[in-house]
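Text of model25.tsv, listed as TSV, C-alpha atoms:
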```tsv
chain	number	residue	atom	x	y	z
A	162	MET	CA	-0.23	-11.65	6.43
A	163	GLU	CA	-1.73	-10.39	9.69
A	164	ARG	CA	-0.66	-6.86	8.70
A	165	TYR	CA	-3.08	-7.03	5.74
A	166	ALA	CA	-5.91	-8.97	7.41
A	167	ARG	CA	-8.24	-5.97	7.23
A	168	ASN	CA	-7.64	-5.63	3.48
A	169	PHE	CA	-9.53	-8.90	3.03
A	170	ASN	CA	-12.31	-9.49	1.90
A	171	SER	CA	-12.30	-6.20	0.04
A	172	LEU	CA	-9.14	-7.33	-1.73
A	173	SER	CA	-8.52	-10.89	-2.88
A	174	GLN	CA	-5.23	-12.63	-2.13
A	175	THR	CA	-4.41	-12.35	-5.84
A	176	GLU	CA	-4.99	-8.60	-5.74
A	177	GLN	CA	-2.89	-8.28	-2.59
A	178	SER	CA	-0.10	-10.16	-4.34
A	179	ILE	CA	-0.33	-7.72	-7.26
A	180	LEU	CA	0.19	-4.83	-4.83
A	181	PHE	CA	3.20	-6.56	-3.27
A	182	ASN	CA	4.80	-6.82	-6.71
A	183	SER	CA	3.79	-3.43	-8.13
A	184	ASN	CA	6.19	-0.54	-8.59
A	185	VAL	CA	4.47	2.87	-8.39
A	186	ALA	CA	5.97	6.33	-8.88
A	187	ILE	CA	4.60	9.29	-6.93
A	188	VAL	CA	5.56	12.59	-8.54
A	189	GLY	CA	5.15	15.38	-6.02
A	190	LEU	CA	5.18	14.77	-2.24
A	191	GLY	CA	3.10	17.66	-0.98
A	192	GLY	CA	-0.60	17.77	-0.16
A	193	LEU	CA	-1.67	15.00	-2.52
A	194	GLY	CA	1.55	13.02	-2.60
A	195	GLY	CA	1.81	12.52	1.15
A	196	TYR	CA	-1.66	11.00	1.38
A	197	VAL	CA	-1.12	8.89	-1.75
A	198	LEU	CA	2.07	7.53	-0.18
A	199	GLU	CA	0.33	6.79	3.12
A	200	ASN	CA	-2.43	4.85	1.36
A	201	LEU	CA	-0.15	2.86	-0.94
A	202	VAL	CA	2.28	1.76	1.77
A	203	ARG	CA	-0.52	0.72	4.13
A	204	LEU	CA	-2.27	-1.17	1.31
A	205	GLY	CA	0.88	-3.17	0.66
A	206	VAL	CA	2.64	-1.63	-2.34
A	207	LYS	CA	6.26	-2.68	-1.79
A	208	ASN	CA	8.12	-0.74	-4.50
A	209	LEU	CA	8.00	3.03	-4.85
A	210	HIS	CA	9.75	5.83	-6.71
A	211	LEU	CA	9.37	9.13	-4.83
A	212	ILE	CA	10.07	12.31	-6.79
A	213	ASP	CA	10.17	15.90	-5.52
A	214	LYS	CA	12.79	18.67	-5.44
A	215	ASP	CA	11.27	20.82	-2.69
A	216	VAL	CA	11.81	21.27	1.05
A	217	PHE	CA	9.09	21.77	3.64
A	218	GLU	CA	7.91	25.30	4.43
A	219	GLU	CA	5.65	26.59	7.20
A	220	SER	CA	2.76	27.11	4.75
A	221	ASN	CA	2.72	23.34	4.16
A	222	LEU	CA	1.64	22.58	7.73
A	223	ASN	CA	-2.06	23.24	7.10
A	224	ARG	CA	-2.50	20.22	4.82
A	225	GLN	CA	0.59	18.10	4.10
A	226	ILE	CA	0.69	14.93	6.20
A	227	LEU	CA	4.47	14.66	5.81
A	228	SER	CA	4.98	18.23	7.03
A	229	LEU	CA	5.82	18.69	10.74
A	230	GLU	CA	7.15	21.59	12.77
A	231	GLU	CA	10.45	19.76	13.31
A	232	ASN	CA	11.14	19.09	9.62
A	233	MET	CA	10.94	22.61	8.21
A	234	GLY	CA	13.65	23.06	5.56
A	235	LYS	CA	14.14	19.32	5.08
A	236	PHE	CA	13.71	17.62	1.72
A	237	LYS	CA	10.30	16.11	1.10
A	238	THR	CA	11.85	13.01	-0.44
A	239	ASP	CA	13.83	12.31	2.75
A	240	GLU	CA	10.80	12.73	4.98
A	241	ALA	CA	8.65	10.61	2.67
A	242	TYR	CA	11.28	7.86	2.75
A	243	SER	CA	11.36	7.94	6.57
A	244	ARG	CA	7.57	7.91	6.82
A	245	ALA	CA	7.19	4.95	4.47
A	246	LYS	CA	9.91	2.98	6.25
A	247	SER	CA	8.31	3.71	9.63
A	248	ILE	CA	5.11	2.05	8.37
A	249	ASP	CA	6.73	-0.86	6.52
A	250	ASN	CA	10.48	-1.36	6.79
A	251	GLU	CA	10.39	-3.87	3.92
A	252	VAL	CA	9.21	-1.36	1.31
A	253	ASN	CA	11.75	-0.71	-1.44
A	254	ILE	CA	12.13	2.99	-2.22
A	255	LYS	CA	14.08	5.03	-4.73
A	256	THR	CA	14.08	8.78	-4.13
A	257	PHE	CA	14.79	11.50	-6.67
A	258	ASN	CA	15.41	14.93	-5.21
A	259	ASP	CA	15.12	16.71	-8.54
A	260	THR	CA	12.71	18.21	-11.05
A	261	LEU	CA	11.17	15.72	-13.45
A	262	ASP	CA	10.87	16.64	-17.12
A	263	ARG	CA	10.17	14.77	-20.34
A	264	ASN	CA	13.78	13.56	-20.48
A	265	SER	CA	13.91	12.13	-16.93
A	266	THR	CA	13.55	8.52	-18.06
A	267	HIS	CA	15.73	7.19	-15.22
A	268	MET	CA	13.21	8.39	-12.62
A	269	LEU	CA	10.47	6.14	-14.00
A	270	GLU	CA	12.59	3.16	-14.97
A	271	SER	CA	10.79	-0.15	-14.23
A	272	VAL	CA	7.64	1.43	-12.76
A	273	ASP	CA	4.20	0.04	-13.53
A	274	LEU	CA	2.14	3.15	-12.84
A	275	VAL	CA	2.69	6.88	-12.24
A	276	ILE	CA	0.63	9.10	-9.93
A	277	ASP	CA	0.59	12.85	-10.63
A	278	CYS	CA	0.64	14.86	-7.39
A	279	LEU	CA	2.22	17.98	-8.85
A	280	ASP	CA	1.14	21.57	-8.25
A	281	SER	CA	1.77	23.14	-11.66
A	282	VAL	CA	0.27	22.64	-15.10
A	283	GLU	CA	3.67	23.00	-16.73
A	284	GLY	CA	5.04	20.18	-14.58
A	285	ARG	CA	2.08	17.95	-15.40
A	286	ILE	CA	2.50	18.49	-19.14
A	287	GLU	CA	6.17	17.49	-18.83
A	288	LEU	CA	5.20	14.42	-16.80
A	289	GLU	CA	2.55	13.32	-19.27
A	290	ALA	CA	5.01	13.73	-22.14
A	291	LEU	CA	7.49	11.50	-20.31
A	292	CYS	CA	4.80	8.90	-19.57
A	293	ASN	CA	3.83	8.96	-23.24
A	294	ARG	CA	7.46	8.41	-24.21
A	295	LEU	CA	7.70	5.43	-21.82
A	296	ASN	CA	4.21	4.04	-22.58
A	297	LEU	CA	3.10	4.44	-18.96
A	298	THR	CA	-0.34	5.01	-17.47
A	299	LEU	CA	-0.71	8.16	-15.37
A	300	ILE	CA	-3.21	8.90	-12.59
A	301	HIS	CA	-3.91	12.65	-12.57
A	302	GLY	CA	-4.95	14.62	-9.51
A	303	ALA	CA	-5.26	18.33	-8.76
A	304	ILE	CA	-6.85	20.47	-6.05
A	305	GLY	CA	-7.90	24.05	-5.32
A	306	GLY	CA	-9.82	25.12	-2.23
A	307	TYR	CA	-12.80	22.84	-1.75
A	308	TYR	CA	-12.42	21.35	-5.22
A	309	GLY	CA	-10.40	18.52	-6.70
A	310	GLN	CA	-10.21	16.50	-9.88
A	311	VAL	CA	-8.99	13.03	-10.81
A	312	ALA	CA	-8.61	11.36	-14.21
A	313	LEU	CA	-6.71	8.66	-16.08
A	314	SER	CA	-4.14	9.40	-18.79
A	315	THR	CA	-3.24	6.30	-20.78
A	316	PRO	CA	-1.12	5.48	-23.84
A	317	GLY	CA	-3.21	6.51	-26.82
A	318	ASN	CA	-5.54	8.65	-24.69
A	319	ARG	CA	-3.60	11.52	-23.16
A	320	ILE	CA	-5.78	14.07	-21.41
A	321	PHE	CA	-3.97	17.25	-20.43
A	322	HIS	CA	-4.57	18.93	-23.77
A	323	LYS	CA	-8.28	18.36	-23.10
A	324	ILE	CA	-8.20	19.59	-19.51
A	325	TYR	CA	-5.77	22.49	-19.76
A	326	LYS	CA	-6.00	23.32	-23.48
A	327	GLY	CA	-2.26	23.93	-23.78
A	328	SER	CA	-2.04	26.45	-20.94
A	329	ASN	CA	1.06	26.11	-18.76
A	330	ASN	CA	0.40	28.82	-16.19
A	331	ILE	CA	-2.92	28.54	-14.36
A	332	GLU	CA	-2.83	30.11	-10.92
A	333	ASN	CA	-4.78	28.67	-7.99
A	334	PRO	CA	-6.51	31.55	-6.16
A	335	LEU	CA	-8.45	29.20	-3.86
A	336	GLY	CA	-5.65	27.92	-1.64
A	337	ASN	CA	-5.47	24.28	-0.57
A	338	LEU	CA	-7.41	22.62	2.24
A	339	PRO	CA	-6.48	19.39	4.04
A	340	MET	CA	-9.76	17.54	3.51
A	341	THR	CA	-9.61	18.27	-0.23
A	342	CYS	CA	-6.13	16.72	-0.32
A	343	MET	CA	-7.29	13.66	1.58
A	344	VAL	CA	-10.36	12.96	-0.55
A	345	THR	CA	-8.66	13.63	-3.89
A	346	ALA	CA	-5.62	11.51	-3.00
A	347	SER	CA	-7.86	8.67	-1.84
A	348	LEU	CA	-9.72	8.68	-5.15
A	349	GLN	CA	-6.40	8.68	-7.00
A	350	VAL	CA	-5.37	5.58	-5.06
A	351	SER	CA	-8.72	3.89	-5.71
A	352	LEU	CA	-8.28	4.57	-9.41
A	353	ALA	CA	-4.71	3.26	-9.22
A	354	LEU	CA	-5.97	-0.01	-7.75
A	355	ARG	CA	-8.41	-0.47	-10.62
A	356	VAL	CA	-5.57	0.01	-13.11
A	357	LEU	CA	-3.19	-2.34	-11.30
A	358	PHE	CA	-5.89	-5.00	-10.99
A	359	GLY	CA	-6.79	-4.73	-14.69
A	360	LYS	CA	-10.33	-3.51	-14.07
A	361	GLU	CA	-12.25	-1.29	-16.48
A	362	VAL	CA	-11.91	2.46	-15.93
A	363	GLU	CA	-14.30	5.04	-17.37
A	364	ASP	CA	-12.87	7.72	-19.64
A	365	LYS	CA	-14.12	10.52	-17.42
A	366	LEU	CA	-12.82	13.43	-15.39
A	367	ILE	CA	-14.05	13.20	-11.80
A	368	TYR	CA	-14.77	16.58	-10.21
A	369	ILE	CA	-14.82	16.65	-6.40
A	370	ASN	CA	-16.60	19.24	-4.26
A	371	VAL	CA	-15.93	18.51	-0.60
A	372	GLU	CA	-17.86	21.59	0.59
A	373	ASP	CA	-21.15	20.29	-0.82
A	374	MET	CA	-19.98	16.63	-0.71
A	375	GLU	CA	-20.57	16.09	-4.42
A	376	LEU	CA	-18.85	14.13	-7.20
A	377	LEU	CA	-19.41	14.85	-10.88
A	378	LYS	CA	-18.15	12.70	-13.75
A	379	VAL	CA	-17.49	14.48	-17.04
A	380	ASN	CA	-16.76	12.76	-20.35
A	381	LEU	CA	-13.32	13.40	-21.82
```
As structure tokens, the full file:
Amino acid sequence: MERYARNFNSLSQTEQSILFNSNVAIVGLGGLGGYVLENLVRLGVKNLHLIDKDVFEESNLNRQILSLEENMGKFKTDEAYSRAKSIDNEVNIKTFNDTLDRNSTHMLESVDLVIDCLDSVEGRIELEALCNRLNLTLIHGAIGGYYGQVALSTPGNRIFHKIYKGSNNIENPLGNLPMTCMVTASLQVSLALRVLFGKEVEDKLIYINVEDMELLKVNL
């Protein structure tokens, strides 16, 4: 347990055991997904489903922790697998180098929680529909420029129709910055811990402004 000594006393031994036995899916392994993966593996989550169809491009280097000059053109799932194993060789990983849609039940088989790190509204709507079909809780995250947002989508309280109002093509004119990815992903992981530990979670959308260092909670 020396590996996790610095998790205590913030986490109890019971909570650490929950992480060891949890199975979490990360959908999207770019700016958000890389940092979510880094956090979860270092915290002690031992079972992961990693889902992404893309390869690394040069434009990813400004913000994606998994993106390196030497892995341009390589699949994000492969690099995510290697990164996780380099941190903890005992982590159990299933990778899916494909696009997830509402019929991709095999990608989320046996998972306890799903974390949305996608970059399109259309993809998120498909993911939420699949989570609804499988009765799974979803941690939403999105970024643009200095701004991010995080929220919880649960069985019986799905949120994307509230956030996106049915739109499936919202462009991001603000670009993506590394610190926005880091902060937003960290809040997604903090929210994921509350869910896994059975703690109460507010029904709110958390807006993040890293330029002015502000958080705003909005009722959903």
Subject >> Distance criterion (all atoms listed in the file): nearest to A:Asn264 out of A:Ile212, A:Ile286, A:Ile304, A:Leu291 >> reply: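 Of the candidates, the smallest distance to A:Asn264 is held by A:Leu291.
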**OP:** Between atom CA of A:Phe358 and atom CA of A:Ile300, measure the distance and give it in Å to one decimal.
**Re:**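 Answer for the atom CA of A:Phe358 to atom CA of A:Ile300 separation: 14.2 Å.
With distances restricted to only C-alpha atoms, A:Asp213 is the closest residue to A:Ile187 from A:Asp213, A:Glu287, A:Asp259, A:Glu363.
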**OP:** Would you work out the distance separating atom CA of A:Val197 from atom CA of A:Phe181, expressed in Å to one decimal?
**Re:**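 Between these atoms lies a distance of 16.1 Å.
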Original post:
Leaving out A:Glu218 and any residue of its chain fewer than 6 positions from it, which residues lie within 9 Å of it when counting only C-alpha atoms, given as a VMD selection string?
Top reply: chain A and resid 228 232 to 235
Original post:
Which residue, A:Lys323, A:Arg285, A:Lys237, A:Lys365, has the smallest gap to A:Phe217 when you use all atoms listed in the file?
Top reply: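 Between A:Lys323, A:Arg285, A:Lys237, A:Lys365, the residue approaching A:Phe217 most closely is A:Lys237.
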**OP:** Excluding A:Ser265 and any residue of its chain fewer than 2 positions from it, enumerate the residues within 12 Å of it, using all atoms listed in the file, and give them as a PyMOL selection string.
**Re:** chain A and resi 188+212+257+259-263+267-270+287-292+294-295
Original post:
Counting only C-alpha atoms, what is within 8 Å of stretch 201-207 of chain A, bar same-chain residues fewer than 5 positions away, as a list in words?
Top reply: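 In the requested format, the answer is Tyr165, Asn168, Gln177, Leu180, Phe181, Asn182, Ser183, Asn184, Val185, Ala245, Ile248, Asp249, Glu251, Val252, Asn253 and Val350 of chain A.
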**OP:** Identify which of the residues A:Ala186, A:Ile324, A:Leu377, A:Val344 lies closest to A:Lys255, counting all atoms listed in the file when measuring atom-to-atom distances.
**Re:**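 Using all atoms listed in the file, A:Lys255 sits closest to A:Ala186.
Take atom CA of A:Val379 and atom CA of A:Leu366: the distance between them is 5.1 Å.
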